[in-house]
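Dumped coords.csv below, it's CSV, C-alpha atoms:
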```csv
chain,number,residue,atom,x,y,z
A,1,MET,CA,10.9,14.8,-1.9
A,2,VAL,CA,8.4,16.9,-3.9
A,3,ARG,CA,7.0,18.8,-0.9
A,4,GLU,CA,10.5,19.9,0.4
A,5,GLY,CA,12.3,20.0,-3.0
A,6,ALA,CA,15.1,17.5,-2.1
A,7,LYS,CA,16.4,14.7,-4.3
A,8,CYS,CA,16.2,11.1,-3.1
A,9,SER,CA,20.0,11.2,-2.6
A,10,ASP,CA,19.8,14.1,-0.2
A,11,CYS,CA,17.9,12.0,2.4
A,12,HIS,CA,19.0,8.4,1.6
A,13,THR,CA,22.3,6.6,1.4
A,14,ASN,CA,20.9,4.7,-1.5
A,15,GLN,CA,21.0,7.4,-4.2
A,16,THR,CA,17.8,6.2,-5.9
A,17,GLY,CA,15.8,6.4,-2.6
A,18,GLY,CA,14.6,4.1,0.2
A,19,GLY,CA,16.5,2.6,3.0
A,20,LYS,CA,18.9,4.3,5.5
A,21,ARG,CA,18.6,8.0,6.0
A,22,THR,CA,21.5,10.4,5.7
A,23,PRO,CA,22.7,13.0,8.2
A,24,PHE,CA,20.9,15.6,6.1
A,25,ALA,CA,17.6,13.8,6.8
A,26,HIS,CA,18.3,13.7,10.6
A,27,ILE,CA,19.5,17.3,10.8
A,28,HIS,CA,16.5,18.7,9.0
A,29,ALA,CA,14.0,16.1,10.3
A,30,HIS,CA,11.6,18.6,11.7
A,31,ASP,CA,11.4,20.7,8.5
A,32,ILE,CA,11.0,17.6,6.3
A,33,LEU,CA,8.5,15.7,8.5
A,34,HIS,CA,6.6,18.6,10.0
A,35,ASP,CA,6.5,16.5,13.2
A,36,LEU,CA,4.6,17.6,16.4
A,37,ASP,CA,7.4,16.8,18.8
A,38,LEU,CA,4.8,16.0,21.4
A,39,LEU,CA,6.7,13.7,23.7
A,40,PRO,CA,7.9,15.4,27.0
A,41,ILE,CA,11.6,14.7,26.3
A,42,PRO,CA,13.8,16.5,28.9
A,43,PRO,CA,16.0,19.1,27.2
A,44,ALA,CA,19.2,17.3,28.2
A,45,VAL,CA,18.2,14.1,26.4
A,46,LYS,CA,19.5,14.1,22.8
A,47,ALA,CA,17.9,12.0,20.1
A,48,PHE,CA,20.0,9.2,18.5
A,49,ASN,CA,20.8,10.0,14.9
A,50,GLY,CA,22.1,6.6,14.0
A,51,GLU,CA,25.8,7.7,14.0
A,52,ILE,CA,28.0,5.4,16.0
A,53,ASN,CA,31.2,7.2,15.0
A,54,GLN,CA,32.5,9.0,11.9
A,55,TYR,CA,32.8,5.7,10.1
A,56,LEU,CA,29.8,3.6,11.2
A,57,SER,CA,26.1,4.4,11.3
A,58,ILE,CA,22.8,2.4,11.4
A,59,GLY,CA,19.2,2.9,10.7
A,60,SER,CA,15.9,1.0,10.9
A,61,ASP,CA,12.2,0.8,10.0
A,62,LEU,CA,9.6,-1.1,12.0
A,63,ARG,CA,6.0,-1.2,10.9
A,64,VAL,CA,3.4,-3.0,13.1
A,65,ARG,CA,0.0,-3.2,11.3
A,66,ASN,CA,-3.5,-4.2,12.1
A,67,THR,CA,-5.3,-5.2,8.9
A,68,THR,CA,-9.1,-5.7,8.7
A,69,VAL,CA,-10.3,-7.2,5.5
A,70,PHE,CA,-14.0,-7.0,4.4
A,71,ALA,CA,-15.7,-9.2,1.8
A,72,ASP,CA,-19.1,-10.1,0.3
A,73,THR,CA,-20.4,-13.7,0.2
A,74,PRO,CA,-20.0,-15.0,-3.4
A,75,ASN,CA,-23.2,-16.1,-5.2
A,76,SER,CA,-23.8,-19.6,-6.6
A,77,ALA,CA,-21.6,-18.6,-9.7
A,78,GLY,CA,-18.7,-17.6,-7.5
A,79,ARG,CA,-19.2,-13.9,-8.2
A,80,VAL,CA,-19.5,-10.8,-6.0
A,81,PRO,CA,-20.8,-7.3,-6.7
A,82,THR,CA,-18.2,-4.9,-8.2
A,83,ASN,CA,-17.4,-1.2,-7.7
A,84,ARG,CA,-18.4,-1.1,-4.0
A,85,ALA,CA,-16.7,1.0,-1.3
A,86,PHE,CA,-17.9,-1.2,1.6
A,87,ARG,CA,-18.6,-4.9,1.9
A,88,ASP,CA,-21.0,-6.8,4.2
A,89,ASN,CA,-18.7,-9.1,6.2
A,90,VAL,CA,-15.4,-9.0,8.1
A,91,GLN,CA,-13.2,-11.5,6.3
A,92,SER,CA,-10.2,-11.3,8.7
A,93,ASN,CA,-8.5,-9.2,11.3
A,94,ASP,CA,-4.8,-9.7,11.9
A,95,ILE,CA,-1.9,-7.8,13.7
A,96,THR,CA,1.4,-8.4,12.0
A,97,VAL,CA,4.9,-7.1,11.9
A,98,ASN,CA,4.6,-5.8,8.4
A,99,GLN,CA,8.2,-4.7,8.2
A,100,PHE,CA,11.3,-4.8,10.3
A,101,VAL,CA,14.5,-3.9,8.6
A,102,LEU,CA,18.0,-2.7,9.8
A,103,TYR,CA,20.4,-0.7,7.8
A,104,GLY,CA,24.2,-0.6,8.3
A,105,GLN,CA,26.7,1.8,6.7
A,106,ALA,CA,30.5,1.8,6.9
A,107,ASP,CA,32.2,4.8,5.4
A,108,LEU,CA,35.6,3.3,4.6
A,109,PHE,CA,36.7,6.7,3.4
A,110,PRO,CA,34.1,9.2,4.6
A,111,ASP,CA,32.1,10.7,1.8
A,112,ILE,CA,34.1,8.7,-0.8
A,113,LEU,CA,33.8,4.9,-0.4
A,114,THR,CA,30.7,3.4,1.3
A,115,LEU,CA,29.8,-0.2,2.3
A,116,TYR,CA,26.1,-0.5,2.8
A,117,ALA,CA,23.7,-3.3,3.9
A,118,ASP,CA,19.9,-3.5,4.1
A,119,GLU,CA,18.7,-6.5,6.1
A,120,ASP,CA,15.1,-7.6,6.4
A,121,PHE,CA,14.1,-9.4,9.7
A,122,THR,CA,10.3,-9.3,9.1
A,123,SER,CA,10.2,-13.1,8.9
A,124,GLY,CA,13.7,-14.5,9.4
A,125,ALA,CA,16.8,-12.9,8.0
A,126,ASN,CA,16.8,-11.8,4.4
A,127,ASN,CA,19.4,-9.5,2.8
A,128,ARG,CA,17.7,-6.9,0.5
A,129,GLU,CA,20.7,-4.7,-0.4
A,130,ALA,CA,24.5,-5.2,0.0
A,131,PHE,CA,26.7,-2.9,-2.1
A,132,GLY,CA,29.8,-0.9,-2.3
A,133,MET,CA,29.5,2.7,-3.6
A,134,LEU,CA,32.2,5.1,-4.8
A,135,HIS,CA,31.0,8.7,-4.7
A,136,GLY,CA,32.1,12.2,-3.8
A,137,ILE,CA,35.2,12.4,-5.9
A,138,LEU,CA,33.7,12.4,-9.4
A,139,PRO,CA,32.1,15.6,-10.9
A,140,TRP,CA,28.4,16.3,-11.0
A,141,GLY,CA,27.6,14.1,-8.0
A,142,THR,CA,28.5,11.0,-10.0
A,143,TYR,CA,28.6,7.6,-8.3
A,144,ILE,CA,29.2,4.0,-9.1
A,145,LYS,CA,27.9,1.1,-7.0
A,146,ALA,CA,28.0,-2.7,-7.3
A,147,GLY,CA,26.4,-5.5,-5.4
A,148,ARG,CA,22.7,-6.4,-4.6
A,149,MET,CA,20.4,-3.4,-5.0
A,150,PHE,CA,16.9,-2.3,-6.1
A,151,PRO,CA,17.2,-1.4,-9.8
A,152,ALA,CA,16.5,2.3,-10.6
A,153,TYR,CA,13.0,2.7,-11.9
A,154,GLY,CA,10.1,5.1,-11.4
A,155,LEU,CA,8.7,6.6,-8.2
A,156,ARG,CA,10.0,4.6,-5.3
A,157,ILE,CA,6.8,4.8,-3.2
A,158,GLN,CA,6.6,2.7,0.0
A,159,ASP,CA,3.6,0.6,-1.1
A,160,ASP,CA,4.8,-2.6,-2.8
A,161,ALA,CA,1.2,-3.6,-3.6
A,162,ALA,CA,0.7,-0.6,-5.8
A,163,PHE,CA,0.2,-1.5,-9.5
A,164,ILE,CA,3.1,0.7,-10.5
A,165,ARG,CA,5.3,-1.5,-8.2
A,166,SER,CA,4.0,-5.0,-8.1
A,167,ASN,CA,2.7,-5.3,-11.7
A,168,VAL,CA,5.6,-3.4,-13.3
A,169,GLY,CA,8.1,-5.5,-11.4
A,170,PHE,CA,10.1,-3.2,-9.1
A,171,THR,CA,9.3,-3.6,-5.4
A,172,PHE,CA,11.2,-3.7,-2.1
A,173,GLN,CA,11.0,-7.5,-2.3
A,174,ASN,CA,12.9,-8.1,-5.5
A,175,PRO,CA,16.4,-6.8,-5.4
A,176,ASP,CA,18.9,-7.9,-8.0
A,177,ALA,CA,22.7,-8.2,-8.2
A,178,GLY,CA,24.6,-6.0,-10.6
A,179,ILE,CA,26.1,-2.6,-11.1
A,180,GLU,CA,24.6,0.9,-11.2
A,181,PHE,CA,26.0,4.2,-12.5
A,182,GLY,CA,24.5,7.6,-11.7
A,183,THR,CA,25.1,11.3,-12.1
A,184,GLN,CA,23.2,14.3,-10.7
A,185,PRO,CA,24.3,17.6,-12.1
A,186,GLY,CA,22.3,20.5,-10.8
A,187,PRO,CA,18.5,19.7,-10.7
A,188,PHE,CA,19.0,16.6,-12.8
A,189,PHE,CA,19.4,12.9,-11.8
A,190,VAL,CA,20.2,10.0,-14.2
A,191,ALA,CA,20.9,6.4,-13.1
A,192,THR,CA,21.2,3.2,-15.1
A,193,SER,CA,21.7,-0.3,-13.8
A,194,ILE,CA,22.6,-3.7,-15.3
A,195,THR,CA,21.5,-6.6,-13.1
A,196,ASN,CA,21.2,-10.4,-13.4
A,197,GLY,CA,17.5,-10.5,-14.2
A,198,THR,CA,16.0,-14.1,-14.1
A,199,SER,CA,18.3,-16.4,-12.3
A,200,GLY,CA,19.9,-19.2,-14.3
A,201,ASP,CA,19.4,-17.8,-17.7
A,202,LYS,CA,21.8,-16.0,-20.1
A,203,ASP,CA,19.9,-12.7,-20.1
A,204,VAL,CA,20.3,-9.5,-18.1
A,205,GLN,CA,18.0,-6.8,-16.9
A,206,ALA,CA,18.8,-3.1,-17.8
A,207,THR,CA,17.1,0.0,-16.5
A,208,ILE,CA,17.4,3.7,-16.8
A,209,ASN,CA,15.7,6.3,-14.6
A,210,ALA,CA,16.0,10.1,-15.1
A,211,TYR,CA,14.3,13.0,-13.5
A,212,THR,CA,14.7,16.7,-12.9
A,213,LEU,CA,13.5,18.5,-9.7
A,214,LEU,CA,13.0,22.2,-10.1
A,215,GLN,CA,12.8,24.4,-7.0
A,216,ASP,CA,11.3,27.9,-6.4
A,217,VAL,CA,9.0,27.6,-9.5
A,218,PRO,CA,6.4,30.4,-9.4
A,219,VAL,CA,3.0,29.4,-8.0
A,220,VAL,CA,3.7,25.7,-7.6
A,221,ARG,CA,7.1,25.9,-5.8
A,222,ASN,CA,8.6,22.5,-6.7
A,223,VAL,CA,8.2,20.5,-9.9
A,224,LEU,CA,9.4,16.9,-10.5
A,225,VAL,CA,9.4,15.4,-14.0
A,226,GLY,CA,10.9,12.0,-14.8
A,227,GLY,CA,10.8,8.9,-16.9
A,228,SER,CA,12.1,5.3,-16.7
A,229,PHE,CA,12.6,2.4,-19.0
A,230,ALA,CA,13.5,-1.2,-18.2
A,231,ARG,CA,14.4,-4.2,-20.4
A,232,GLN,CA,13.6,-6.9,-17.9
A,233,SER,CA,14.1,-9.8,-20.3
A,234,ASN,CA,14.0,-10.6,-24.0
A,235,LYS,CA,10.3,-11.0,-23.7
A,236,ARG,CA,9.4,-8.2,-21.3
A,237,ASP,CA,9.9,-4.4,-21.4
A,238,VAL,CA,8.3,-1.7,-19.3
A,239,GLY,CA,8.5,2.1,-19.5
A,240,GLY,CA,6.8,5.1,-17.9
A,241,VAL,CA,6.7,8.7,-17.0
A,242,TYR,CA,6.1,10.3,-13.6
A,243,PHE,CA,5.6,13.8,-12.2
A,244,GLY,CA,5.0,15.7,-9.0
A,245,SER,CA,4.4,19.3,-7.8
A,246,ASN,CA,2.8,21.5,-5.1
A,247,TRP,CA,0.2,24.1,-4.8
A,248,TRP,CA,-0.6,25.8,-1.5
A,249,LYS,CA,-0.8,23.0,1.1
A,250,PHE,CA,-1.3,20.3,-1.6
A,251,THR,CA,1.4,18.0,-3.0
A,252,TYR,CA,0.6,15.6,-5.8
A,253,LEU,CA,2.3,12.7,-7.6
A,254,GLY,CA,1.5,10.6,-10.6
A,255,GLU,CA,3.0,7.8,-12.7
A,256,PHE,CA,2.0,6.0,-15.9
A,257,ASP,CA,3.7,2.8,-17.0
A,258,VAL,CA,3.2,0.7,-20.2
A,259,ILE,CA,3.8,-3.0,-19.8
A,260,ASP,CA,4.9,-5.1,-22.8
A,261,ASP,CA,5.0,-8.7,-21.7
A,262,ARG,CA,5.4,-11.3,-24.5
A,263,SER,CA,5.5,-14.5,-22.3
A,264,PRO,CA,2.2,-16.3,-22.1
A,265,SER,CA,3.2,-18.1,-18.9
A,266,SER,CA,3.9,-14.8,-17.1
A,267,ALA,CA,1.4,-13.8,-14.3
A,268,THR,CA,1.4,-10.3,-15.9
A,269,PHE,CA,1.0,-11.4,-19.5
A,270,ASN,CA,-2.4,-9.7,-19.9
A,271,ASP,CA,-1.4,-6.4,-18.2
A,272,ASP,CA,-1.3,-3.5,-20.6
A,273,PHE,CA,-0.5,-0.5,-18.3
A,274,ALA,CA,-0.5,0.7,-14.7
A,275,SER,CA,-1.2,4.1,-13.4
A,276,TYR,CA,-1.0,5.9,-10.0
A,277,ALA,CA,-2.1,9.3,-8.7
A,278,GLU,CA,-1.7,10.7,-5.2
A,279,LEU,CA,-2.8,13.9,-3.5
A,280,ASN,CA,-1.6,15.0,-0.1
A,281,LEU,CA,-2.9,17.9,2.0
A,282,LEU,CA,-0.8,19.2,4.9
A,283,LEU,CA,-3.3,20.4,7.5
A,284,PHE,CA,-2.3,22.5,10.6
A,285,ASP,CA,1.3,22.1,9.3
A,286,TRP,CA,1.6,18.7,10.9
A,287,LEU,CA,-1.3,16.4,9.7
A,288,ASN,CA,-0.8,14.8,6.2
A,289,VAL,CA,-4.2,13.7,4.8
A,290,PHE,CA,-3.9,11.8,1.5
A,291,GLY,CA,-5.8,10.0,-1.2
A,292,THR,CA,-4.7,7.8,-4.0
A,293,PHE,CA,-6.2,6.4,-7.2
A,294,GLU,CA,-4.8,3.4,-9.1
A,295,PHE,CA,-5.8,1.8,-12.4
A,296,LEU,CA,-4.4,-1.4,-13.9
A,297,GLY,CA,-5.3,-2.0,-17.6
A,298,VAL,CA,-5.8,-5.7,-18.2
A,299,SER,CA,-6.7,-7.3,-21.5
A,300,GLY,CA,-10.0,-9.1,-21.8
A,301,ASP,CA,-12.0,-6.4,-19.8
A,302,ARG,CA,-10.3,-7.5,-16.5
A,303,ASN,CA,-9.3,-4.0,-15.4
A,304,GLN,CA,-8.6,-3.3,-11.7
A,305,THR,CA,-9.0,-0.1,-9.7
A,306,ARG,CA,-7.9,0.9,-6.2
A,307,TYR,CA,-8.8,3.9,-4.1
A,308,THR,CA,-7.1,4.8,-0.8
A,309,ILE,CA,-7.8,7.5,1.8
A,310,GLY,CA,-5.8,8.0,4.9
A,311,ALA,CA,-3.9,10.2,7.4
A,312,ASN,CA,-0.3,10.0,8.8
A,313,PRO,CA,0.8,12.6,11.3
A,314,PHE,CA,4.4,12.5,12.6
A,315,ILE,CA,4.3,12.4,16.4
A,316,ASN,CA,8.1,13.1,16.5
A,317,ARG,CA,11.1,12.3,14.3
A,318,PHE,CA,10.8,8.6,15.2
A,319,ILE,CA,7.1,7.9,15.4
A,320,GLN,CA,4.5,7.9,12.7
A,321,PRO,CA,0.9,6.4,13.1
A,322,ILE,CA,-0.9,5.7,9.9
A,323,ILE,CA,-4.5,4.9,9.1
A,324,GLU,CA,-5.7,3.9,5.6
A,325,TYR,CA,-8.9,2.6,4.1
A,326,ARG,CA,-8.3,0.9,0.7
A,327,ILE,CA,-11.1,0.1,-1.7
A,328,ASN,CA,-10.2,-2.7,-4.2
A,329,ASN,CA,-12.3,-3.3,-7.3
A,330,ALA,CA,-11.8,-6.0,-9.9
A,331,PRO,CA,-13.9,-8.3,-12.1
A,332,PRO,CA,-16.7,-10.1,-10.1
A,333,THR,CA,-14.9,-13.5,-10.2
A,334,ASN,CA,-11.7,-12.0,-8.7
A,335,LEU,CA,-12.8,-12.3,-5.0
A,336,GLN,CA,-9.4,-11.2,-3.6
A,337,GLY,CA,-9.5,-8.1,-5.8
A,338,ASN,CA,-12.9,-7.0,-4.4
A,339,MET,CA,-11.9,-6.9,-0.7
A,340,PRO,CA,-11.6,-3.5,1.0
A,341,GLU,CA,-8.9,-3.2,3.7
A,342,LEU,CA,-8.6,-1.0,6.8
A,343,TRP,CA,-5.0,-0.5,7.9
A,344,VAL,CA,-3.9,0.9,11.3
A,345,GLU,CA,-0.2,1.0,11.5
A,346,LEU,CA,2.6,2.2,13.8
A,347,HIS,CA,5.8,3.2,12.1
A,348,LEU,CA,9.0,3.6,14.2
A,349,PHE,CA,12.0,4.6,12.2
A,350,LEU,CA,15.6,5.8,12.5
```

Show me this structure written as structure tokens.
Amino acid sequence: MVREGAKCSDCHTNQTGGGKRTPFAHIHAHDILHDLDLLPIPPAVKAFNGEINQYLSIGSDLRVRNTTVFADTPNSAGRVPTNRAFRDNVQSNDITVNQFVLYGQADLFPDILTLYADEDFTSGANNREAFGMLHGILPWGTYIKAGRMFPAYGLRIQDDAAFIRSNVGFTFQNPDAGIEFGTQPGPFFVATSITNGTSGDKDVQATINAYTLLQDVPVVRNVLVGGSFARQSNKRDVGGVYFGSNWWKFTYLGEFDVIDDRSPSSATFNDDFASYAELNLLLFDWLNVFGTFEFLGVSGDRNQTRYTIGANPFINRFIQPIIEYRINNAPPTNLQGNMPELWVELHLFL
């Protein structure tokens, strides 16, 4: 988004990002992905773009991951050393289907009325999104959608384990039913949603997410600036700001969220704020090398940090290998929070 200067809604059917890709994303795949196009595909063989006919189209994401987890042996007090990049022992090594989702889109009136579904088959069948969306006939790119959806909030990065996703409360694992209204005049985008929130109560969840994406800015090229707020219940609010820009071959992102949780029984009751910073370097115009830093502020001197380094070249428009090494640091009694992880992943997508 930031590297190429395109809004979420340019590349995804879901106007707030994630899920099925649009014809724009397929047509401009090489420019967006900077893929190598290495496979010896005969010139007469055309790639599938997900379009079955002018009314029906599909998409998919498959992620197969090998995860190696490292750990230290706890001492007699159940503690391990903190702030270490490497640990002594291999705790586990597992190959898993980390994600397998299918997307379906029916354009009842092309570019006007859309029926959309996002189905997760990673471990059985689980519907993530199912909504109808009216768009294309209102001014300023305005749209209205209703159904099950991911509420609009913050940077929609892929990693659900990131503190700005899991601890703030908006991941690809917790959709909610409701309605969303959005408008996107010029470089601006504003979306607000009202959804059920906690099942079985009388309360609702309300979010608002707004950003501007400026293109052709001198020196830095593209600039993203945005902010979000969510009233998740009568005892929990979150709010944050995020940004992104470029310089030369570098693209960088950041988000900072304040968490106000007033329910002592909540798992995030002691969380004060979550932050995220990411730096990407495009080498040789095809190899994306990246690093991230995360900080979770927790009351009682129980802060957590996370560092990640990795690389993810695109072999072609459908194939993306990824390697990441993640360093987790937490208080010495939090054994799970002090286990580094090595990920080797193959991502096939349409």

Nearby residues (all atoms listed in the file) at most 10 Å from Ile164 of chain A, same-chain spacing under 2 positions excluded, as number ranges by chain = A: 154-157, 159-162, 166-171, 240, 255-258, 273-276, 294-296

Please provide the set of residues having any atom within 9 Å of Ser57 of chain A, restricted to all atoms listed in the file, with same-chain residues fewer than 5 positions apart removed, written as a JSON list (two decimals) with C-alpha atoms, keeping the file's coordinate frame.
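So selection.json came out as:
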```json
[["chain", "number", "residue", "atom", "x", "y", "z"],
["A", 49, "ASN", "CA", 20.80, 10.00, 14.90],
["A", 50, "GLY", "CA", 22.10, 6.60, 14.00],
["A", 51, "GLU", "CA", 25.80, 7.70, 14.00],
["A", 52, "ILE", "CA", 28.00, 5.40, 16.00],
["A", 103, "TYR", "CA", 20.40, -0.70, 7.80],
["A", 104, "GLY", "CA", 24.20, -0.60, 8.30],
["A", 105, "GLN", "CA", 26.70, 1.80, 6.70],
["A", 106, "ALA", "CA", 30.50, 1.80, 6.90],
["A", 107, "ASP", "CA", 32.20, 4.80, 5.40]]
```

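Of note, atom CA of Phe188 of chain A and atom CA of Ser228 of chain A are spaced 13.8 Å apart.
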
Near Asp61 of chain A, within 12 Å and counting all atoms listed in the file, which residues show up once chain neighbours fewer than 6 positions away are dropped, as a list in words?
-> Gly18, Gly19, Lys20, Arg21, Val97, Asn98, Gln99, Phe100, Val101, Leu102, Tyr103, Asp118, Glu119, Asp120, Phe121, Thr122, Gln158, Phe318, Ile319, Gln320, Leu346, His347, Leu348, Phe349 and Leu350 of chain A

Near-Trp286 of chain A list (12 Å; only C-alpha atoms; drop same-chain fewer than 4 positions) as an mmCIF file with C-alpha atoms, in the coordinates of the input:
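Once everything was written out, this is result.cif:
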```cif
data_model
loop_
_atom_site.group_PDB
_atom_site.id
_atom_site.type_symbol
_atom_site.label_atom_id
_atom_site.label_comp_id
_atom_site.auth_asym_id
_atom_site.auth_seq_id
_atom_site.Cartn_x
_atom_site.Cartn_y
_atom_site.Cartn_z
ATOM 1 C CA HIS A 30 11.600 18.600 11.700
ATOM 2 C CA ASP A 31 11.400 20.700 8.500
ATOM 3 C CA ILE A 32 11.000 17.600 6.300
ATOM 4 C CA LEU A 33 8.500 15.700 8.500
ATOM 5 C CA HIS A 34 6.600 18.600 10.000
ATOM 6 C CA ASP A 35 6.500 16.500 13.200
ATOM 7 C CA LEU A 36 4.600 17.600 16.400
ATOM 8 C CA ASP A 37 7.400 16.800 18.800
ATOM 9 C CA LEU A 38 4.800 16.000 21.400
ATOM 10 C CA LYS A 249 -0.800 23.000 1.100
ATOM 11 C CA LEU A 281 -2.900 17.900 2.000
ATOM 12 C CA LEU A 282 -0.800 19.200 4.900
ATOM 13 C CA ALA A 311 -3.900 10.200 7.400
ATOM 14 C CA ASN A 312 -0.300 10.000 8.800
ATOM 15 C CA PRO A 313 0.800 12.600 11.300
ATOM 16 C CA PHE A 314 4.400 12.500 12.600
ATOM 17 C CA ILE A 315 4.300 12.400 16.400
ATOM 18 C CA ASN A 316 8.100 13.100 16.500
ATOM 19 C CA ARG A 317 11.100 12.300 14.300
ATOM 20 C CA GLN A 320 4.500 7.900 12.700
#
```

Compare A:Tyr116, A:Asn246, A:Tyr211, A:Ser299 by their minimum atom-to-atom distance to Leu279 of chain A, counting all atoms listed in the file, and give me the closest one.
->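 Closest to Leu279 of chain A, using all atoms listed in the file: A:Asn246.
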
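Proximity to Gly227 of chain A was assessed for A:Asp260, A:Ala152, A:Ala146, A:Phe269 counting only C-alpha atoms; the smallest distance is recorded for A:Ala152.
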
Could you name the residues that touch Tyr252 of chain A at 8 Å or less, counting only C-alpha atoms, but leaving out those on the same chain fewer than 2 positions away, as an mmCIF file with C-alpha atoms, in the frame of the given file?
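Written output follows (around12.cif):
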```cif
data_model
loop_
_atom_site.group_PDB
_atom_site.id
_atom_site.type_symbol
_atom_site.label_atom_id
_atom_site.label_comp_id
_atom_site.auth_asym_id
_atom_site.auth_seq_id
_atom_site.Cartn_x
_atom_site.Cartn_y
_atom_site.Cartn_z
ATOM 1 C CA GLY A 244 5.000 15.700 -9.000
ATOM 2 C CA SER A 245 4.400 19.300 -7.800
ATOM 3 C CA ASN A 246 2.800 21.500 -5.100
ATOM 4 C CA PHE A 250 -1.300 20.300 -1.600
ATOM 5 C CA GLY A 254 1.500 10.600 -10.600
ATOM 6 C CA ALA A 277 -2.100 9.300 -8.700
ATOM 7 C CA GLU A 278 -1.700 10.700 -5.200
ATOM 8 C CA LEU A 279 -2.800 13.900 -3.500
ATOM 9 C CA ASN A 280 -1.600 15.000 -0.100
#
```

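For the set A:Leu39, A:Val64, A:Val298, A:Ile112, the residue with the smallest atom-to-atom gap to Glu345 of chain A is A:Val64, counting all atoms listed in the file.
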
Would you mind telling me which residue in A:Ile208, A:Gly310, A:Phe150, A:Ser60 lies nearest to Arg165 of chain A when using all atoms listed in the file?
->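 For Arg165 of chain A, the nearest of the candidates is A:Phe150.
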
Which residue of A:Leu214, A:Arg236, A:Phe284, A:Gly226 approaches Arg3 of chain A most closely, using only C-alpha atoms =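 Of all the options, A:Leu214 lies closest to Arg3 of chain A.
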
Find the residue from A:Val223, A:Ile144, A:Val217, A:Ala267 that sits nearest to Gln15 of chain A; use only C-alpha atoms when measuring.
-> A:Ile144

Interatomic distance between atom CA of Gly337 of chain A and atom CA of Ala77 of chain A?
->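 Those two atoms sit 16.5 Å apart.
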
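Interatomic distance, atom CA of Thr207 of chain A to atom CA of Asp176 of chain A: 11.7 Å.
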
List as a tab-separated table (two decimals) with C-alpha atoms, in the frame of the given file: which residues have an atom within 8 Å of (24.1, -6.9, -15.8), counting all atoms listed in the file?
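Generated file (out.tsv):
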```
chain	number	residue	atom	x	y	z
A	177	ALA	CA	22.70	-8.20	-8.20
A	178	GLY	CA	24.60	-6.00	-10.60
A	179	ILE	CA	26.10	-2.60	-11.10
A	193	SER	CA	21.70	-0.30	-13.80
A	194	ILE	CA	22.60	-3.70	-15.30
A	195	THR	CA	21.50	-6.60	-13.10
A	196	ASN	CA	21.20	-10.40	-13.40
A	197	GLY	CA	17.50	-10.50	-14.20
A	204	VAL	CA	20.30	-9.50	-18.10
A	205	GLN	CA	18.00	-6.80	-16.90
A	206	ALA	CA	18.80	-3.10	-17.80
```

At most 12 Å from (-11.4, -9.9, 3.6), file frame, all atoms listed in the file: which residues, as number ranges by chain?
-> A: 67-73, 86-94, 326-328, 335-342

Supply segment 327-338 of chain A as a compact mmCIF listing (two decimals), keeping the file's coordinate frame, with N, CA and C atoms built in where the input has gaps.
```txt
# COMPACT_ATOMS: atom_id res chain seq x y z
N ILE A 327 -9.96 0.68 -1.02
CA ILE A 327 -11.10 0.10 -1.70
C ILE A 327 -10.52 -0.59 -2.99
N ASN A 328 -10.68 -1.91 -3.07
CA ASN A 328 -10.20 -2.70 -4.20
C ASN A 328 -11.39 -3.11 -5.07
N ASN A 329 -11.28 -2.87 -6.36
CA ASN A 329 -12.30 -3.30 -7.30
C ASN A 329 -11.71 -4.03 -8.47
N ALA A 330 -12.33 -5.16 -8.83
CA ALA A 330 -11.80 -6.00 -9.90
C ALA A 330 -13.03 -6.74 -10.53
N PRO A 331 -12.82 -7.56 -11.55
CA PRO A 331 -13.90 -8.30 -12.10
C PRO A 331 -14.61 -9.19 -11.04
N PRO A 332 -15.90 -9.49 -11.20
CA PRO A 332 -16.70 -10.10 -10.10
C PRO A 332 -16.18 -11.52 -9.72
N THR A 333 -15.43 -12.21 -10.58
CA THR A 333 -14.90 -13.50 -10.20
C THR A 333 -13.58 -13.43 -9.44
N ASN A 334 -12.99 -12.24 -9.39
CA ASN A 334 -11.70 -12.00 -8.70
C ASN A 334 -12.08 -11.62 -7.24
N LEU A 335 -12.30 -12.61 -6.38
CA LEU A 335 -12.80 -12.30 -5.00
C LEU A 335 -11.74 -11.52 -4.24
N GLN A 336 -10.46 -11.87 -4.36
CA GLN A 336 -9.40 -11.20 -3.60
C GLN A 336 -9.33 -9.70 -4.07
N GLY A 337 -9.62 -9.44 -5.33
CA GLY A 337 -9.50 -8.10 -5.80
C GLY A 337 -10.73 -7.22 -5.51
N ASN A 338 -11.70 -7.76 -4.77
CA ASN A 338 -12.90 -7.00 -4.40
C ASN A 338 -13.04 -6.96 -2.85
```
